[in-house]
Amino acid sequence: MNIYDGEKTDKGFEFFYWNLSYRRRLIRLLWTTPIVLFVIFFSVDNFEMSLKNVIVISFLILIYVVQYIYNFLKWKNII
């Protein structure tokens with residue numbers, strides 16, 4: 001048996017991300033949105049950004065959006 005196959009927590013506090021249900025993962029992701037936005041705006045604050053910085057920020061935003069879509073679809077049992 002894999003540690004990821006156990007019962008998922010849907011109520012109360014759970015420290016480990018992989019023990020959460022997809023609904024709770026989505027909620028945790030939404031709670032971290034202000035932090036992600038702060039980091040993005042802090043990174044974009046200087047106007048002399050290199051192409052490398054733009055690519056890294058774009059990649060991180062893409063990962064965040066894909067993670068949100070995946071958790072939402074798994075929560076709704078669409079995929």
# chains A, B, ... in the order shown; residues from 1 in each chain; ligands from 1

$ select_by_dssp --residues "chain A" --states "alpha helix (DSSP H)" --output "PyMOL selection string"
chain A and resi 22-31+33-44+51-75

$ closest_residue --among "A:Tyr22, A:Tyr17, A:Leu60, A:Ile35" --to "Ile79 (chain A)" --atoms "only C-alpha atoms"
A:Tyr22

$ residues_around --residues "region 24-32 of chain A" --least-positions-apart "2" --cutoff "12 Å" --atoms "only C-alpha atoms" --output "PyMOL selection string"
chain A and resi 8-22+34-39+63-76

$ atom_distance --atom1 "CA of Val44 (chain A)" --atom2 "CA of Ile57 (chain A)"
8.7 Å
